[in-house]
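Peer 1: Mind looking over this structure? Questions follow.
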Amino acid sequence: MSSFSFSVNPHLVLRKTAMERLKYRIRRFQHTLGMAPAGWAGGFGGVKGYLSADTDTSDLGLTGQALADVKRESENYIVKYTKDLEAIPVDQLKHTVQFQILPIVEELINRGLTHNRIADVGCCYVRINKTLIDKHPNVVWDVVDFPDSLHEINAGVLSPNMNLIADYPLDWLKATSTNYDAVLFNRTLAAMPVSEFRRYLRILKTRTSYVVFNEPGKILFLDNDLDIDSIDPACPLRMSIWNTHNYRKVFEEEGYEFVHYDAVRTTHHFSAPQHFVIQGIARPIGSSASI
Ligand SMILES: C[S@@+](CC[C@H](N)C(=O)[O-])C[C@H]1O[C@@H](n2cnc3c(N)ncnc32)[C@H](O)[C@@H]1O
């Protein structure tokens, strides 16, 4: 992997090209006639708009039925996800959306770690991460996700420097006292409501040098550019199963500062393109970590 340079985009806007705008208009017109290709019709249907304000400030996290629901969804997801990923030839893995976090993490590793320890929250099937985990055997990874089947599913991709934990990641982080160089959220913050996102940031503030994220910014089915900084942090934009958060504002409100923040085009390996991933590295304000 080549080196990655860090920079903070002062105003994050996901922009459509003129061709993409034109294509959108044609597809939208076809859609009104009931003639849009299936993927586009489904995509237009997935635009849910801005969510109503999430004012939950409790630190408790998911419990009861809410926890059972997320766990069941996660269990269903990992089965489908593993099948999809297994179908991708090894030499194509670098073109997946989830791979796009790895050059950032590798750059952090190359600049020097303190604890030699990384956590991945919502790891799912770790075939992609394994490429980096195996490359740096001195760095220990704690990879954690909900499914009871996590060990069974990941049995073929284990590494000596990887601890696989099947648990609710927030509860698990609360119960351990490990300090990390980086805690990763790879397409995981977008799967959460803001209240849950904030809970992770609060617990991680004294536990990690950096939080690193790589989250979808889908604009294909929107008519215009998307100004991420103008999103009300309490009301993310909902697209199918994904929330587009105002990451800058949420991190800042929770006492973090960015050392990297930008969006890049996705590599479109999957049939439903994400269009952009929003990527960042944040550190708790006042931390001594420097890169
Ligand atoms: C789209 S998958 C991403 C999997 C993997 N990180 C990747 O990029 O390929 C979203 C993951 O987020 C996890 N997740 C959902 N809600 C979560 C929460 N509240 N806390 C932690 N993980 C959560 C799910 O279990 C699921 O594995």
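Going through the structure tokens in order, the chains are called A, B, and so on, while each chain numbers its residues from 1 and the ligands are numbered from 1 in the order shown.
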Give the residues close to ligand 1, within 6 Å, counting only C-alpha atoms and all ligand atoms; write them as a list in words.
Peer 2: Ser74, Gln98, Val121, Gly122, Cys123, Cys124, Asp145, Phe146, Pro169, Asn186, Arg187, Thr188, Ala191 and Met192 of chain A
Peer 1: Select from stretch 22-196 of chain A everything DSSP, run on the backbone, classes as strand (DSSP E), then give the selection as a PyMOL selection string.
Peer 2: chain A and resi 47-50+117-121+140-145+162-166+180-186
Peer 1: Sorted by chain and rising residue number, list the residues of stretch 186-265 of chain A at most 9 Å from stretch 2-24 of chain A (counting only C-alpha atoms), each with its closest atom pair and distance in Å to one decimal, as CSV.
Peer 2:
residue,atom,partner,partner_atom,distance
A:Gly217,CA,A:Leu14,CA,7.7
A:Lys218,CA,A:Leu14,CA,8.9
A:Ile219,CA,A:Leu14,CA,7.5
A:Leu220,CA,A:Tyr24,CA,7.6
A:Phe221,CA,A:Tyr24,CA,7.2
A:Leu222,CA,A:Tyr24,CA,7.9
A:Asp223,CA,A:Tyr24,CA,6.6
A:Asn224,CA,A:Lys16,CA,6.8
A:Asp225,CA,A:Arg15,CA,4.6
A:Leu226,CA,A:Leu14,CA,5.0
A:Asp227,CA,A:Val13,CA,4.3
A:Ile228,CA,A:Leu12,CA,5.6
A:Asp229,CA,A:Leu12,CA,6.1
A:Phe258,CA,A:Val8,CA,6.8
A:Val259,CA,A:Val8,CA,6.4
A:His260,CA,A:Ser7,CA,4.7
A:Tyr261,CA,A:Val8,CA,4.6
A:Asp262,CA,A:Asn9,CA,5.4
A:Ala263,CA,A:Leu14,CA,7.3
A:Val264,CA,A:Leu14,CA,8.7
Peer 1: Can you write out the residues you just picked, keeping N, CA and C atoms, as a PDB file, in the first residue's frame?
Peer 2:
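Written file, selection13.pdb:
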ATOM      1  N   GLY A 217     -21.182   7.791   1.899  1.00  0.00           N
ATOM      2  CA  GLY A 217     -21.880   9.044   1.597  1.00  0.00           C
ATOM      3  C   GLY A 217     -22.556   8.846   0.250  1.00  0.00           C
ATOM      4  N   LYS A 218     -23.745   8.297   0.283  1.00  0.00           N
ATOM      5  CA  LYS A 218     -24.426   7.930  -0.971  1.00  0.00           C
ATOM      6  C   LYS A 218     -25.165   9.147  -1.519  1.00  0.00           C
ATOM      7  N   ILE A 219     -24.796   9.575  -2.707  1.00  0.00           N
ATOM      8  CA  ILE A 219     -25.543  10.697  -3.275  1.00  0.00           C
ATOM      9  C   ILE A 219     -26.120  10.361  -4.643  1.00  0.00           C
ATOM     10  N   LEU A 220     -25.908   9.130  -5.075  1.00  0.00           N
ATOM     11  CA  LEU A 220     -26.348   8.762  -6.419  1.00  0.00           C
ATOM     12  C   LEU A 220     -27.831   9.061  -6.640  1.00  0.00           C
ATOM     13  N   PHE A 221     -28.629   8.827  -5.620  1.00  0.00           N
ATOM     14  CA  PHE A 221     -30.074   8.960  -5.784  1.00  0.00           C
ATOM     15  C   PHE A 221     -30.600  10.300  -5.267  1.00  0.00           C
ATOM     16  N   LEU A 222     -29.685  11.240  -5.029  1.00  0.00           N
ATOM     17  CA  LEU A 222     -30.077  12.609  -4.664  1.00  0.00           C
ATOM     18  C   LEU A 222     -29.938  13.488  -5.898  1.00  0.00           C
ATOM     19  N   ASP A 223     -30.751  14.542  -5.990  1.00  0.00           N
ATOM     20  CA  ASP A 223     -30.713  15.357  -7.203  1.00  0.00           C
ATOM     21  C   ASP A 223     -29.534  16.317  -7.215  1.00  0.00           C
ATOM     22  N   ASN A 224     -28.881  16.501  -6.072  1.00  0.00           N
ATOM     23  CA  ASN A 224     -27.872  17.547  -6.017  1.00  0.00           C
ATOM     24  C   ASN A 224     -26.653  17.147  -5.212  1.00  0.00           C
ATOM     25  N   ASP A 225     -25.699  18.089  -5.097  1.00  0.00           N
ATOM     26  CA  ASP A 225     -24.553  17.877  -4.217  1.00  0.00           C
ATOM     27  C   ASP A 225     -25.060  17.757  -2.780  1.00  0.00           C
ATOM     28  N   LEU A 226     -24.225  17.170  -1.930  1.00  0.00           N
ATOM     29  CA  LEU A 226     -24.621  17.060  -0.525  1.00  0.00           C
ATOM     30  C   LEU A 226     -23.571  17.751   0.346  1.00  0.00           C
ATOM     31  N   ASP A 227     -24.021  18.808   1.020  1.00  0.00           N
ATOM     32  CA  ASP A 227     -23.150  19.563   1.921  1.00  0.00           C
ATOM     33  C   ASP A 227     -23.206  18.888   3.298  1.00  0.00           C
ATOM     34  N   ILE A 228     -22.168  18.125   3.598  1.00  0.00           N
ATOM     35  CA  ILE A 228     -22.170  17.334   4.834  1.00  0.00           C
ATOM     36  C   ILE A 228     -22.167  18.245   6.065  1.00  0.00           C
ATOM     37  N   ASP A 229     -21.462  19.381   5.964  1.00  0.00           N
ATOM     38  CA  ASP A 229     -21.365  20.288   7.119  1.00  0.00           C
ATOM     39  C   ASP A 229     -22.685  20.990   7.439  1.00  0.00           C
ATOM     40  N   PHE A 258     -10.126  16.804  14.344  1.00  0.00           N
ATOM     41  CA  PHE A 258      -9.689  15.986  13.203  1.00  0.00           C
ATOM     42  C   PHE A 258      -8.219  16.224  12.880  1.00  0.00           C
ATOM     43  N   VAL A 259      -7.532  15.132  12.556  1.00  0.00           N
ATOM     44  CA  VAL A 259      -6.230  15.275  11.906  1.00  0.00           C
ATOM     45  C   VAL A 259      -6.358  14.895  10.432  1.00  0.00           C
ATOM     46  N   HIS A 260      -7.482  14.265  10.106  1.00  0.00           N
ATOM     47  CA  HIS A 260      -7.795  14.008   8.691  1.00  0.00           C
ATOM     48  C   HIS A 260      -9.315  14.001   8.550  1.00  0.00           C
ATOM     49  N   TYR A 261      -9.817  14.618   7.482  1.00  0.00           N
ATOM     50  CA  TYR A 261     -11.268  14.563   7.216  1.00  0.00           C
ATOM     51  C   TYR A 261     -11.489  14.914   5.759  1.00  0.00           C
ATOM     52  N   ASP A 262     -12.040  13.965   5.034  1.00  0.00           N
ATOM     53  CA  ASP A 262     -12.310  14.220   3.612  1.00  0.00           C
ATOM     54  C   ASP A 262     -13.244  13.130   3.081  1.00  0.00           C
ATOM     55  N   ALA A 263     -13.621  13.270   1.834  1.00  0.00           N
ATOM     56  CA  ALA A 263     -14.426  12.240   1.184  1.00  0.00           C
ATOM     57  C   ALA A 263     -13.743  11.863  -0.119  1.00  0.00           C
ATOM     58  N   VAL A 264     -13.810  10.595  -0.449  1.00  0.00           N
ATOM     59  CA  VAL A 264     -13.238  10.147  -1.729  1.00  0.00           C
ATOM     60  C   VAL A 264     -14.275   9.307  -2.455  1.00  0.00           C
TER      61      VAL A 264
END
Peer 1: As a count of residues only, please: every residue in stretch 132-213 of chain A that DSSP puts in helix (DSSP H, G or I).
Peer 2: 32
Peer 1: Set the distance at 12 Å and use only C-alpha atoms: which residues neighbour A:Leu67 once local chain neighbours fewer than 3 positions away are removed? I'd like the list as an MDAnalysis selection string.
Peer 2: chainID A and resid 60:64 70:74 146:147 167:171 196
Peer 1: Name the residues in contact with A:Asp59 at a cut-off of 9 Å, using only C-alpha atoms, excluding same-chain residues fewer than 2 positions from it; report them as a list in words.
Peer 2: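 My list of contacting residues is Asp56, Thr57, Gly61, Ser195, Glu196, Arg198, Arg199, Tyr200, Arg202 and Ile203 of chain A.
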Peer 1: Just to be explicit: take each residue in the selection above, keep C-alpha atoms, and write the result as a tab-separated table (two decimals), in the first residue's frame.
Peer 2:
chain	number	residue	atom	x	y	z
A	56	ASP	CA	-31.28	10.42	23.57
A	57	THR	CA	-28.29	11.36	25.76
A	61	GLY	CA	-26.60	1.80	25.09
A	195	SER	CA	-27.05	8.82	20.14
A	196	GLU	CA	-25.21	5.50	19.77
A	198	ARG	CA	-21.93	9.64	20.62
A	199	ARG	CA	-21.84	6.87	23.24
A	200	TYR	CA	-18.86	5.28	21.49
A	202	ARG	CA	-17.64	9.26	25.00
A	203	ILE	CA	-16.29	5.89	26.08
Peer 1: A:Thr208: which residues within 7 Å, counting only C-alpha atoms, same-chain residues fewer than 6 positions away excluded, as a ChimeraX atom specification?
Peer 2: /A:179-183
Peer 1: I'd like to know which of A:Tyr125, A:Ile231, A:Ile291, A:Leu173 is closest to A:Lys83, using only C-alpha atoms.
Peer 2: A:Tyr125
Peer 1: Do a neighbour search on A:Ser288 at 12 Å with only C-alpha atoms, toss out local chain neighbours closer than 5 positions, and write the hits as a compact mmCIF listing (two decimals) with C-alpha atoms, in the first residue's frame.
Peer 2:
# COMPACT_ATOMS: atom_id res chain seq x y z
CA THR A 114 2.36 3.52 21.29
CA ASP A 181 -3.72 3.46 19.22
CA THR A 206 -9.83 8.13 27.39
CA THR A 208 -7.71 5.55 22.25
CA SER A 209 -5.25 7.89 20.60
CA TYR A 210 -7.34 8.01 17.41
CA ARG A 283 -8.20 12.51 18.36
Peer 1: Show which residues sit within 10 Å of A:Gly286, as a list in words. Count only C-alpha atoms, and ignore same-chain residues fewer than 5 positions away.
Peer 2: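 The neighbour list is Gly255, Tyr256 and Glu257 of chain A.
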Peer 1: Kindly export the residues of the current selection with C-alpha atoms, as a compact mmCIF listing (two decimals), in the first residue's frame.
Peer 2:
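File out-v1.txt, as written:
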# COMPACT_ATOMS: atom_id res chain seq x y z
CA GLY A 255 -14.48 16.85 22.34
CA TYR A 256 -12.46 15.51 19.41
CA GLU A 257 -10.46 17.26 16.69
Peer 1: Out of A:Asn154, A:Thr178, A:Ser52, A:Ser159, which residue has the shortest atom-to-atom distance to A:Ile118 when counting only C-alpha atoms?
Peer 2: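 The answer is A:Thr178, which sits nearest to A:Ile118.
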Peer 1: Determine the nearest neighbour of A:Thr266 from the options A:Gln100, A:Thr32, A:Gln65, A:Ser230, counting only C-alpha atoms.
Peer 2: A:Gln100
Peer 1: A:Lys174, A:Thr82, A:Glu254, A:Val140: which is nearest A:Ala155, counting only C-alpha atoms?
Peer 2: A:Thr82
Peer 1: Go through A:Thr131, A:Val126, A:Ser240, A:Met35 one by one, measure the shortest atom-to-atom distance of each to A:Tyr81 using only C-alpha atoms, and give the residue with the smallest value.
Peer 2: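 When distances to A:Tyr81 are compared using only C-alpha atoms, the smallest one comes from A:Val126.
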Peer 1: Using only C-alpha atoms, can you tell me which of A:Val250, A:Ala166, A:Val144, A:Ala175 comes closest to A:Phe197?
Peer 2: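 Counting only C-alpha atoms, the residue closest to A:Phe197 is A:Val250.
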